[in-house]
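Colleague: My structure is in data_12.tsv, and what it holds is TSV, C-alpha atoms (C1' of nucleotides):
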```
chain	number	residue	atom	x	y	z
P	1	MET	CA	-8.34	12.81	5.79
P	2	ASP	CA	-8.69	14.65	2.53
P	3	TYR	CA	-8.22	11.63	0.35
P	4	VAL	CA	-7.78	11.76	-3.35
P	5	GLY	CA	-11.28	12.43	-4.53
P	6	THR	CA	-10.77	14.79	-7.39
P	7	ALA	CA	-7.30	13.46	-7.99
P	8	LEU	CA	-8.23	11.62	-11.13
P	9	ALA	CA	-10.05	14.63	-12.49
P	10	GLU	CA	-6.99	16.77	-11.98
P	11	MET	CA	-4.85	14.25	-13.71
P	12	THR	CA	-6.97	14.24	-16.79
P	13	MET	CA	-5.81	17.81	-17.18
P	14	PRO	CA	-2.88	18.13	-19.53
P	15	GLN	CA	-0.96	19.90	-16.80
P	16	ILE	CA	-0.02	16.72	-15.04
P	17	SER	CA	3.13	15.17	-16.36
P	18	PRO	CA	2.53	11.49	-16.92
P	19	LEU	CA	5.31	8.98	-16.69
P	20	ALA	CA	6.66	10.39	-19.89
P	21	GLY	CA	8.73	13.42	-20.73
P	22	GLU	CA	10.15	15.60	-18.01
P	23	PRO	CA	10.79	14.36	-14.50
P	24	ILE	CA	7.48	14.15	-12.68
P	25	GLU	CA	6.66	16.72	-10.02
P	26	ARG	CA	6.33	15.85	-6.36
P	27	ALA	CA	2.66	16.79	-6.16
P	28	ASP	CA	1.80	14.98	-9.38
P	29	ALA	CA	3.60	11.88	-8.20
P	30	GLU	CA	1.59	11.90	-5.01
P	31	ARG	CA	-1.69	12.26	-6.86
P	32	LEU	CA	-0.90	9.49	-9.27
P	33	ALA	CA	0.34	7.29	-6.43
P	34	GLY	CA	-2.89	7.95	-4.59
P	35	VAL	CA	-5.05	6.61	-7.40
P	36	LEU	CA	-2.72	3.70	-8.05
P	37	LYS	CA	-2.84	2.84	-4.38
P	38	ALA	CA	-6.60	2.54	-4.69
P	39	LEU	CA	-6.05	0.06	-7.50
P	40	ALA	CA	-3.22	-1.86	-5.88
P	41	ASP	CA	-5.28	-4.29	-3.86
P	42	PRO	CA	-6.50	-7.73	-4.89
P	43	ALA	CA	-9.93	-7.27	-3.35
P	44	ARG	CA	-10.47	-3.96	-5.09
P	45	LEU	CA	-9.30	-5.24	-8.45
P	46	ARG	CA	-11.74	-8.09	-8.15
P	47	LEU	CA	-14.49	-5.68	-7.18
P	48	LEU	CA	-13.91	-3.62	-10.28
P	49	SER	CA	-13.86	-6.73	-12.36
P	50	LEU	CA	-17.02	-8.13	-10.80
P	51	ILE	CA	-18.94	-4.91	-11.23
P	52	GLN	CA	-17.78	-4.41	-14.77
P	53	SER	CA	-18.84	-7.90	-15.77
P	54	ALA	CA	-22.16	-7.82	-13.93
P	55	PRO	CA	-25.44	-7.99	-15.89
P	56	GLU	CA	-26.06	-4.29	-16.33
P	57	GLY	CA	-22.54	-3.22	-15.50
P	58	GLU	CA	-23.66	-2.50	-11.99
P	59	ALA	CA	-23.83	-4.37	-8.70
P	60	CYS	CA	-24.90	-3.85	-5.11
P	61	VAL	CA	-22.90	-4.72	-2.02
P	62	CYS	CA	-24.95	-7.81	-1.29
P	63	ASP	CA	-23.90	-9.30	-4.62
P	64	LEU	CA	-20.23	-8.71	-3.94
P	65	THR	CA	-19.55	-10.03	-0.46
P	66	ALA	CA	-20.01	-13.69	-1.37
P	67	PRO	CA	-17.64	-13.92	-4.37
P	68	LEU	CA	-14.97	-12.03	-2.47
P	69	GLY	CA	-15.31	-13.97	0.74
P	70	LEU	CA	-15.08	-10.77	2.78
P	71	SER	CA	-17.43	-9.29	5.35
P	72	GLN	CA	-19.97	-6.70	4.31
P	73	PRO	CA	-18.24	-3.83	6.17
P	74	THR	CA	-14.96	-4.69	4.50
P	75	VAL	CA	-16.53	-4.69	1.04
P	76	SER	CA	-18.21	-1.38	1.81
P	77	HIS	CA	-14.85	-0.02	2.85
P	78	HIS	CA	-13.19	-1.03	-0.41
P	79	LEU	CA	-16.04	0.35	-2.47
P	80	ARG	CA	-15.69	3.61	-0.64
P	81	ILE	CA	-12.00	3.84	-1.44
P	82	LEU	CA	-12.63	3.10	-5.10
P	83	THR	CA	-15.40	5.67	-5.22
P	84	GLU	CA	-13.32	8.36	-3.57
P	85	ALA	CA	-10.54	7.64	-6.01
P	86	GLY	CA	-12.95	8.41	-8.82
P	87	LEU	CA	-13.09	4.88	-10.18
P	88	LEU	CA	-16.63	4.00	-9.13
P	89	GLU	CA	-19.88	5.87	-8.87
P	90	ARG	CA	-22.63	5.07	-6.41
P	91	GLU	CA	-26.37	5.25	-6.95
P	92	LYS	CA	-28.79	4.48	-4.16
P	93	ARG	CA	-32.04	2.94	-5.30
P	94	GLY	CA	-34.32	2.03	-2.44
P	95	VAL	CA	-32.45	-0.02	0.09
P	96	TRP	CA	-29.72	-1.00	-2.31
P	97	ALA	CA	-26.59	0.87	-3.33
P	98	TYR	CA	-25.59	0.20	-6.90
P	99	TYR	CA	-22.00	0.71	-7.97
P	100	ARG	CA	-20.76	1.06	-11.53
P	101	LEU	CA	-17.48	1.97	-13.16
P	102	VAL	CA	-16.82	5.59	-13.99
P	103	PRO	CA	-16.65	5.30	-17.76
P	104	THR	CA	-13.14	6.37	-18.74
P	105	ALA	CA	-11.50	6.44	-15.33
P	106	ILE	CA	-9.32	3.38	-15.61
P	107	ALA	CA	-8.47	4.12	-19.22
P	108	THR	CA	-7.26	7.53	-18.10
P	109	ILE	CA	-4.89	5.96	-15.63
P	110	ALA	CA	-3.63	3.61	-18.31
P	111	ASP	CA	-3.00	6.58	-20.58
P	112	LEU	CA	-1.08	8.37	-17.87
P	113	LEU	CA	1.20	5.41	-17.43
P	114	THR	CA	1.49	4.32	-20.96
P	115	PRO	CA	4.33	5.61	-22.92
P	116	PRO	CA	6.64	8.42	-23.66
P	117	ARG	CA	5.23	8.00	-27.12
P	118	LYS	CA	7.96	10.29	-28.38
P	119	ARG	CA	7.21	13.65	-26.92
P	120	ALA	CA	9.23	16.46	-28.46
P	121	THR	CA	12.10	17.36	-26.19
P	122	LYS	CA	13.35	13.82	-26.15
P	123	LYS	CA	15.25	12.59	-29.15
P	124	ALA	CA	15.26	8.98	-30.18
P	125	ARG	CA	18.56	8.48	-28.38
T	1	MET	CA	8.80	-13.14	1.37
T	2	ASP	CA	8.54	-14.48	-2.12
T	3	TYR	CA	7.74	-11.16	-3.73
T	4	VAL	CA	6.42	-10.71	-7.19
T	5	GLY	CA	9.52	-11.11	-9.27
T	6	THR	CA	8.29	-12.76	-12.39
T	7	ALA	CA	4.80	-11.47	-11.83
T	8	LEU	CA	4.88	-9.09	-14.74
T	9	ALA	CA	6.23	-11.75	-17.04
T	10	GLU	CA	3.40	-14.07	-16.11
T	11	MET	CA	0.90	-11.33	-16.74
T	12	THR	CA	2.11	-10.70	-20.23
T	13	MET	CA	0.83	-14.20	-20.94
T	14	PRO	CA	-2.60	-14.16	-22.48
T	15	GLN	CA	-3.78	-16.45	-19.71
T	16	ILE	CA	-4.18	-13.65	-17.23
T	17	SER	CA	-7.54	-12.00	-17.41
T	18	PRO	CA	-7.03	-8.24	-17.46
T	19	LEU	CA	-9.58	-5.87	-16.03
T	20	ALA	CA	-11.79	-6.67	-18.97
T	21	GLY	CA	-14.04	-9.60	-19.75
T	22	GLU	CA	-14.72	-12.27	-17.20
T	23	PRO	CA	-14.36	-11.70	-13.48
T	24	ILE	CA	-10.69	-11.74	-12.60
T	25	GLU	CA	-9.22	-14.70	-10.72
T	26	ARG	CA	-7.94	-14.47	-7.19
T	27	ALA	CA	-4.37	-15.32	-8.12
T	28	ASP	CA	-4.35	-12.95	-11.07
T	29	ALA	CA	-5.73	-10.15	-8.93
T	30	GLU	CA	-2.94	-10.68	-6.43
T	31	ARG	CA	-0.27	-10.62	-9.10
T	32	LEU	CA	-1.61	-7.46	-10.70
T	33	ALA	CA	-2.02	-5.85	-7.30
T	34	GLY	CA	1.57	-6.75	-6.48
T	35	VAL	CA	2.94	-4.89	-9.46
T	36	LEU	CA	0.58	-1.95	-8.97
T	37	LYS	CA	1.67	-1.75	-5.37
T	38	ALA	CA	5.22	-1.33	-6.57
T	39	LEU	CA	4.03	1.59	-8.69
T	40	ALA	CA	1.77	3.14	-6.07
T	41	ASP	CA	4.39	5.20	-4.27
T	42	PRO	CA	5.38	8.79	-4.98
T	43	ALA	CA	9.08	8.14	-4.51
T	44	ARG	CA	9.05	5.19	-6.87
T	45	LEU	CA	7.04	7.03	-9.53
T	46	ARG	CA	9.57	9.81	-9.41
T	47	LEU	CA	12.41	7.33	-9.62
T	48	LEU	CA	10.96	5.81	-12.76
T	49	SER	CA	10.42	9.26	-14.19
T	50	LEU	CA	13.94	10.40	-13.33
T	51	ILE	CA	15.56	7.32	-14.80
T	52	GLN	CA	13.46	7.46	-17.91
T	53	SER	CA	14.35	11.08	-18.57
T	54	ALA	CA	18.03	10.70	-17.73
T	55	PRO	CA	20.65	11.28	-20.44
T	56	GLU	CA	21.03	7.71	-21.66
T	57	GLY	CA	17.84	6.46	-20.10
T	58	GLU	CA	19.84	5.15	-17.22
T	59	ALA	CA	20.96	6.44	-13.83
T	60	CYS	CA	22.94	5.29	-10.82
T	61	VAL	CA	21.88	5.58	-7.20
T	62	CYS	CA	24.14	8.54	-6.55
T	63	ASP	CA	22.27	10.56	-9.17
T	64	LEU	CA	18.90	9.83	-7.62
T	65	THR	CA	19.25	10.52	-3.91
T	66	ALA	CA	19.53	14.28	-4.26
T	67	PRO	CA	16.47	14.98	-6.44
T	68	LEU	CA	14.34	12.76	-4.24
T	69	GLY	CA	15.59	14.11	-0.94
T	70	LEU	CA	15.82	10.61	0.49
T	71	SER	CA	18.72	8.77	2.04
T	72	GLN	CA	20.82	6.46	-0.07
T	73	PRO	CA	19.61	3.27	1.66
T	74	THR	CA	16.03	4.32	1.14
T	75	VAL	CA	16.57	4.97	-2.55
T	76	SER	CA	18.31	1.62	-2.87
T	77	HIS	CA	15.31	0.03	-1.20
T	78	HIS	CA	12.84	1.55	-3.65
T	79	LEU	CA	14.99	0.59	-6.62
T	80	ARG	CA	15.04	-2.94	-5.33
T	81	ILE	CA	11.27	-3.08	-5.14
T	82	LEU	CA	10.89	-1.71	-8.65
T	83	THR	CA	13.45	-4.19	-9.94
T	84	GLU	CA	11.80	-7.16	-8.26
T	85	ALA	CA	8.50	-6.06	-9.74
T	86	GLY	CA	10.06	-6.30	-13.17
T	87	LEU	CA	9.92	-2.59	-13.89
T	88	LEU	CA	13.64	-1.84	-13.71
T	89	GLU	CA	16.77	-3.70	-14.67
T	90	ARG	CA	20.08	-3.32	-12.92
T	91	GLU	CA	23.52	-3.35	-14.47
T	92	LYS	CA	26.61	-3.05	-12.35
T	93	ARG	CA	29.50	-1.29	-14.04
T	94	GLY	CA	32.48	-0.91	-11.79
T	95	VAL	CA	31.45	0.65	-8.53
T	96	TRP	CA	28.22	2.01	-9.89
T	97	ALA	CA	24.87	0.35	-10.36
T	98	TYR	CA	22.96	1.62	-13.36
T	99	TYR	CA	19.22	1.26	-13.49
T	100	ARG	CA	17.05	1.51	-16.58
T	101	LEU	CA	13.42	0.87	-17.42
T	102	VAL	CA	12.47	-2.56	-18.65
T	103	PRO	CA	11.31	-1.61	-22.14
T	104	THR	CA	7.66	-2.56	-22.31
T	105	ALA	CA	6.98	-3.24	-18.64
T	106	ILE	CA	4.89	-0.20	-17.82
T	107	ALA	CA	3.10	-0.32	-21.15
T	108	THR	CA	2.14	-3.90	-20.36
T	109	ILE	CA	0.54	-2.84	-17.13
T	110	ALA	CA	-1.33	-0.11	-18.94
T	111	ASP	CA	-2.59	-2.64	-21.45
T	112	LEU	CA	-3.78	-4.93	-18.68
T	113	LEU	CA	-5.82	-2.14	-17.19
T	114	THR	CA	-6.99	-0.41	-20.29
T	115	PRO	CA	-9.90	-1.76	-22.08
T	116	PRO	CA	-13.22	-3.32	-21.61
T	117	ARG	CA	-13.09	-2.57	-25.30
T	118	LYS	CA	-16.41	-4.26	-26.02
T	119	ARG	CA	-15.82	-7.93	-25.57
T	120	ALA	CA	-18.62	-10.12	-26.94
T	121	THR	CA	-20.85	-11.23	-24.10
T	122	LYS	CA	-21.71	-7.67	-23.24
T	123	LYS	CA	-24.40	-5.81	-25.13
T	124	ALA	CA	-24.54	-2.05	-25.39
T	125	ARG	CA	-27.34	-1.99	-22.89
G	1	DG	C1'	47.49	-5.37	1.02
G	2	DG	C1'	44.95	-1.54	2.83
G	3	DC	C1'	41.92	2.39	2.20
G	4	DC	C1'	38.01	4.71	0.26
G	5	DG	C1'	33.87	5.42	-2.36
G	6	DA	C1'	29.37	3.40	-4.13
G	7	DT	C1'	25.60	0.15	-2.89
G	8	DA	C1'	23.23	-3.20	-0.44
G	9	DT	C1'	21.40	-5.17	3.82
G	10	DG	C1'	19.73	-5.41	8.91
G	11	DC	C1'	17.39	-3.35	12.32
G	12	DA	C1'	13.94	-0.50	14.57
G	13	DG	C1'	10.42	3.08	15.07
G	14	DG	C1'	6.29	5.01	13.47
G	15	DC	C1'	2.39	5.26	10.57
G	16	DA	C1'	-0.87	3.66	7.04
G	17	DG	C1'	-3.96	0.07	5.63
G	18	DG	C1'	-6.97	-4.40	5.67
G	19	DT	C1'	-10.20	-6.96	8.30
G	20	DC	C1'	-14.01	-7.98	11.38
G	21	DA	C1'	-17.55	-7.44	15.17
G	22	DA	C1'	-20.75	-4.31	16.81
G	23	DT	C1'	-23.59	-0.48	16.05
G	24	DG	C1'	-26.11	3.22	13.66
G	25	DC	C1'	-28.91	4.80	9.71
G	26	DT	C1'	-32.39	4.68	6.10
G	27	DC	C1'	-35.83	2.90	3.36
G	28	DT	C1'	-39.31	-0.64	2.69
G	29	DT	C1'	-43.02	-3.59	4.18
G	30	DG	C1'	-46.52	-5.49	7.01
J	1	DC	C1'	-45.74	2.60	13.61
J	2	DA	C1'	-42.94	-1.43	14.27
J	3	DA	C1'	-39.93	-4.69	12.33
J	4	DG	C1'	-36.51	-5.91	9.29
J	5	DA	C1'	-33.28	-5.73	5.34
J	6	DG	C1'	-29.28	-3.42	3.07
J	7	DC	C1'	-25.26	-0.35	3.86
J	8	DA	C1'	-22.30	2.74	6.18
J	9	DT	C1'	-19.57	3.86	10.15
J	10	DT	C1'	-16.89	3.16	14.37
J	11	DG	C1'	-13.40	0.97	17.10
J	12	DA	C1'	-9.78	-2.29	17.65
J	13	DC	C1'	-6.32	-5.51	16.17
J	14	DC	C1'	-2.70	-6.79	13.38
J	15	DT	C1'	0.10	-6.65	9.52
J	16	DG	C1'	2.86	-4.38	6.17
J	17	DC	C1'	5.48	-0.52	4.56
J	18	DC	C1'	8.45	3.80	4.48
J	19	DT	C1'	12.32	5.82	6.37
J	20	DG	C1'	16.79	6.54	8.56
J	21	DC	C1'	20.86	4.85	11.12
J	22	DA	C1'	24.33	1.65	11.41
J	23	DT	C1'	26.87	-1.82	9.16
J	24	DA	C1'	28.34	-5.15	5.71
J	25	DT	C1'	29.92	-5.90	0.92
J	26	DC	C1'	32.12	-5.05	-3.35
J	27	DG	C1'	35.25	-2.86	-6.65
J	28	DG	C1'	38.98	0.32	-7.67
J	29	DC	C1'	43.20	2.71	-6.39
J	30	DC	C1'	47.52	4.06	-3.94
```
Could you take the file, read its structure, and then write that structure out as structure tokens?
Modeller:
Amino acid sequence: MDYVGTALAEMTMPQISPLAGEPIERADAERLAGVLKALADPARLRLLSLIQSAPEGEACVCDLTAPLGLSQPTVSHHLRILTEAGLLEREKRGVWAYYRLVPTAIATIADLLTPPRKRATKKAR
Amino acid sequence: MDYVGTALAEMTMPQISPLAGEPIERADAERLAGVLKALADPARLRLLSLIQSAPEGEACVCDLTAPLGLSQPTVSHHLRILTEAGLLEREKRGVWAYYRLVPTAIATIADLLTPPRKRATKKAR
DNA sequence: GGCCGATATGCAGGCAGGTCAATGCTCTTG
DNA sequence: CAAGAGCATTGACCTGCCTGCATATCGGCC
């Protein structure tokens, strides 16, 4: 299927209404939900955490299967989902595939959720 | 099933490792994933958005079925999930059930995700 | 007390998602 | 070139989730 892919990129655009002012659009809700769905799994959260705290901020699949206690295909599957969601980037060096966090990806999601932060159209009640 | 429930509350405790420093714990990952899973649905994102942008910051089920285009039982179901995740609070006034956002709930999630923010053990490369 | 409107709950059908075993692919090494 | 290591992909199983229909529950009103 199409899968999110550029979803995160689109959401960094100001056009997407975050969980703030006006009621969110159908399409925007689906995009945001798509990325959140990539995050909403214990194995994937741990993968992000493991990669982020690895020596050089990067890790290959063989380093990740053991701490997760999952099979190699399953780990590959999760990494793929995270990559397609725009949260990880993959670099193949020799036989190994190194994954690292896309710099501001997660922070962007956090910003989208965060707060009304007093827009304009909304008065303080 | 048990369902998250107090999951968010537990995560506001400093004890939970966010997506930041050390590798995240299994149990913590499952709690965070539980709350994110509640968020990771287009209908529920729109519900939060609709409620948040409603006149008094609150809305009853009857106001929400139409804009979503979902049946009343389905909307009730989603509201239940959001409430059990600690994102909404329910107040019954007469025949109506009014839902409103739990003040800092979503912001808390955003904070948990947000920042590597340069811990200590990690050098700039 | 009985009726009606607003919600919640049970149940069932259909689809998406997590996991693993087996297999294919690619790059390295002998 | 042959063998092997590291990953990705496929297929299958099983679970969980979204949705609607039917029904139960609760509060107000005649």
Colleague: Kindly indicate which residue among P:Ala59, P:Ala97, P:Ala43, P:Ala85 lies nearest to G:DG18, using only C-alpha atoms (C1' of nucleotides) for the distances.
Modeller: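 Answer, going by the shortest atom-to-atom distance: P:Ala43.
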Colleague: Could you list the residues in chain P lying within 9 Å of chain T, using only C-alpha atoms, and format the result as a ChimeraX atom specification?
Modeller: /P:18-57,68,106-116,122,125
Colleague: Go through chain T and flag each residue having an atom no more than 8 Å from chain G; for those, report the closest pair of atoms plus their distance in Å to one decimal, using all atoms listed in the file, ordered by chain and rising number, as CSV.
Modeller:
```
residue,atom,partner,partner_atom,distance
T:Val61,CA,G:DT7,C1',7.9
T:Cys62,CA,G:DA6,C1',7.7
T:Pro73,CA,G:DA8,C1',7.7
T:Ser76,CA,G:DA8,C1',7.3
T:Val95,CA,G:DA6,C1',5.6
T:Trp96,CA,G:DA6,C1',6.0
T:Ala97,CA,G:DT7,C1',7.5
```
Colleague: Closest to P:Arg80 among J:DC30, J:DC7, J:DA22, J:DC13, using all atoms listed in the file?
Modeller: J:DC7
Colleague: Suppose you want the space between atom C1' of J:DC21 and atom CA of T:Thr83; what is it in Å?
Modeller: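 Atom CA of T:Thr83 lies 24.1 Å from atom C1' of J:DC21.
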Colleague: Tell me the residues of chain J close to chain P, meaning within 8 Å using all atoms listed in the file, as a ChimeraX atom specification.
Modeller: /J:5-8
Colleague: Using all atoms of stretch 84-100 of chain T that appear in the file, construct an axis-aligned enclosing box with 8 Å of padding on every side and provide its centre coordinates and edge lengths in Å, rounded to one decimal, as JSON.
Modeller:
```
{"center_x": 20.5, "center_y": -2.6, "center_z": -12.4, "size_x": 40.0, "size_y": 25.2, "size_z": 24.3}
```
Colleague: Between atom CA of T:Leu87 and atom C1' of J:DG16, what distance in Å does the model show, to one decimal?
Modeller: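 Taking atom CA of T:Leu87 and atom C1' of J:DG16, their separation equals 21.3 Å.
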Colleague: Would you mind reading off the distance between atom CA of T:Arg100 and atom C1' of J:DC17, one decimal, in Å?
Modeller: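 That distance, rounded to one decimal, is 24.2 Å.
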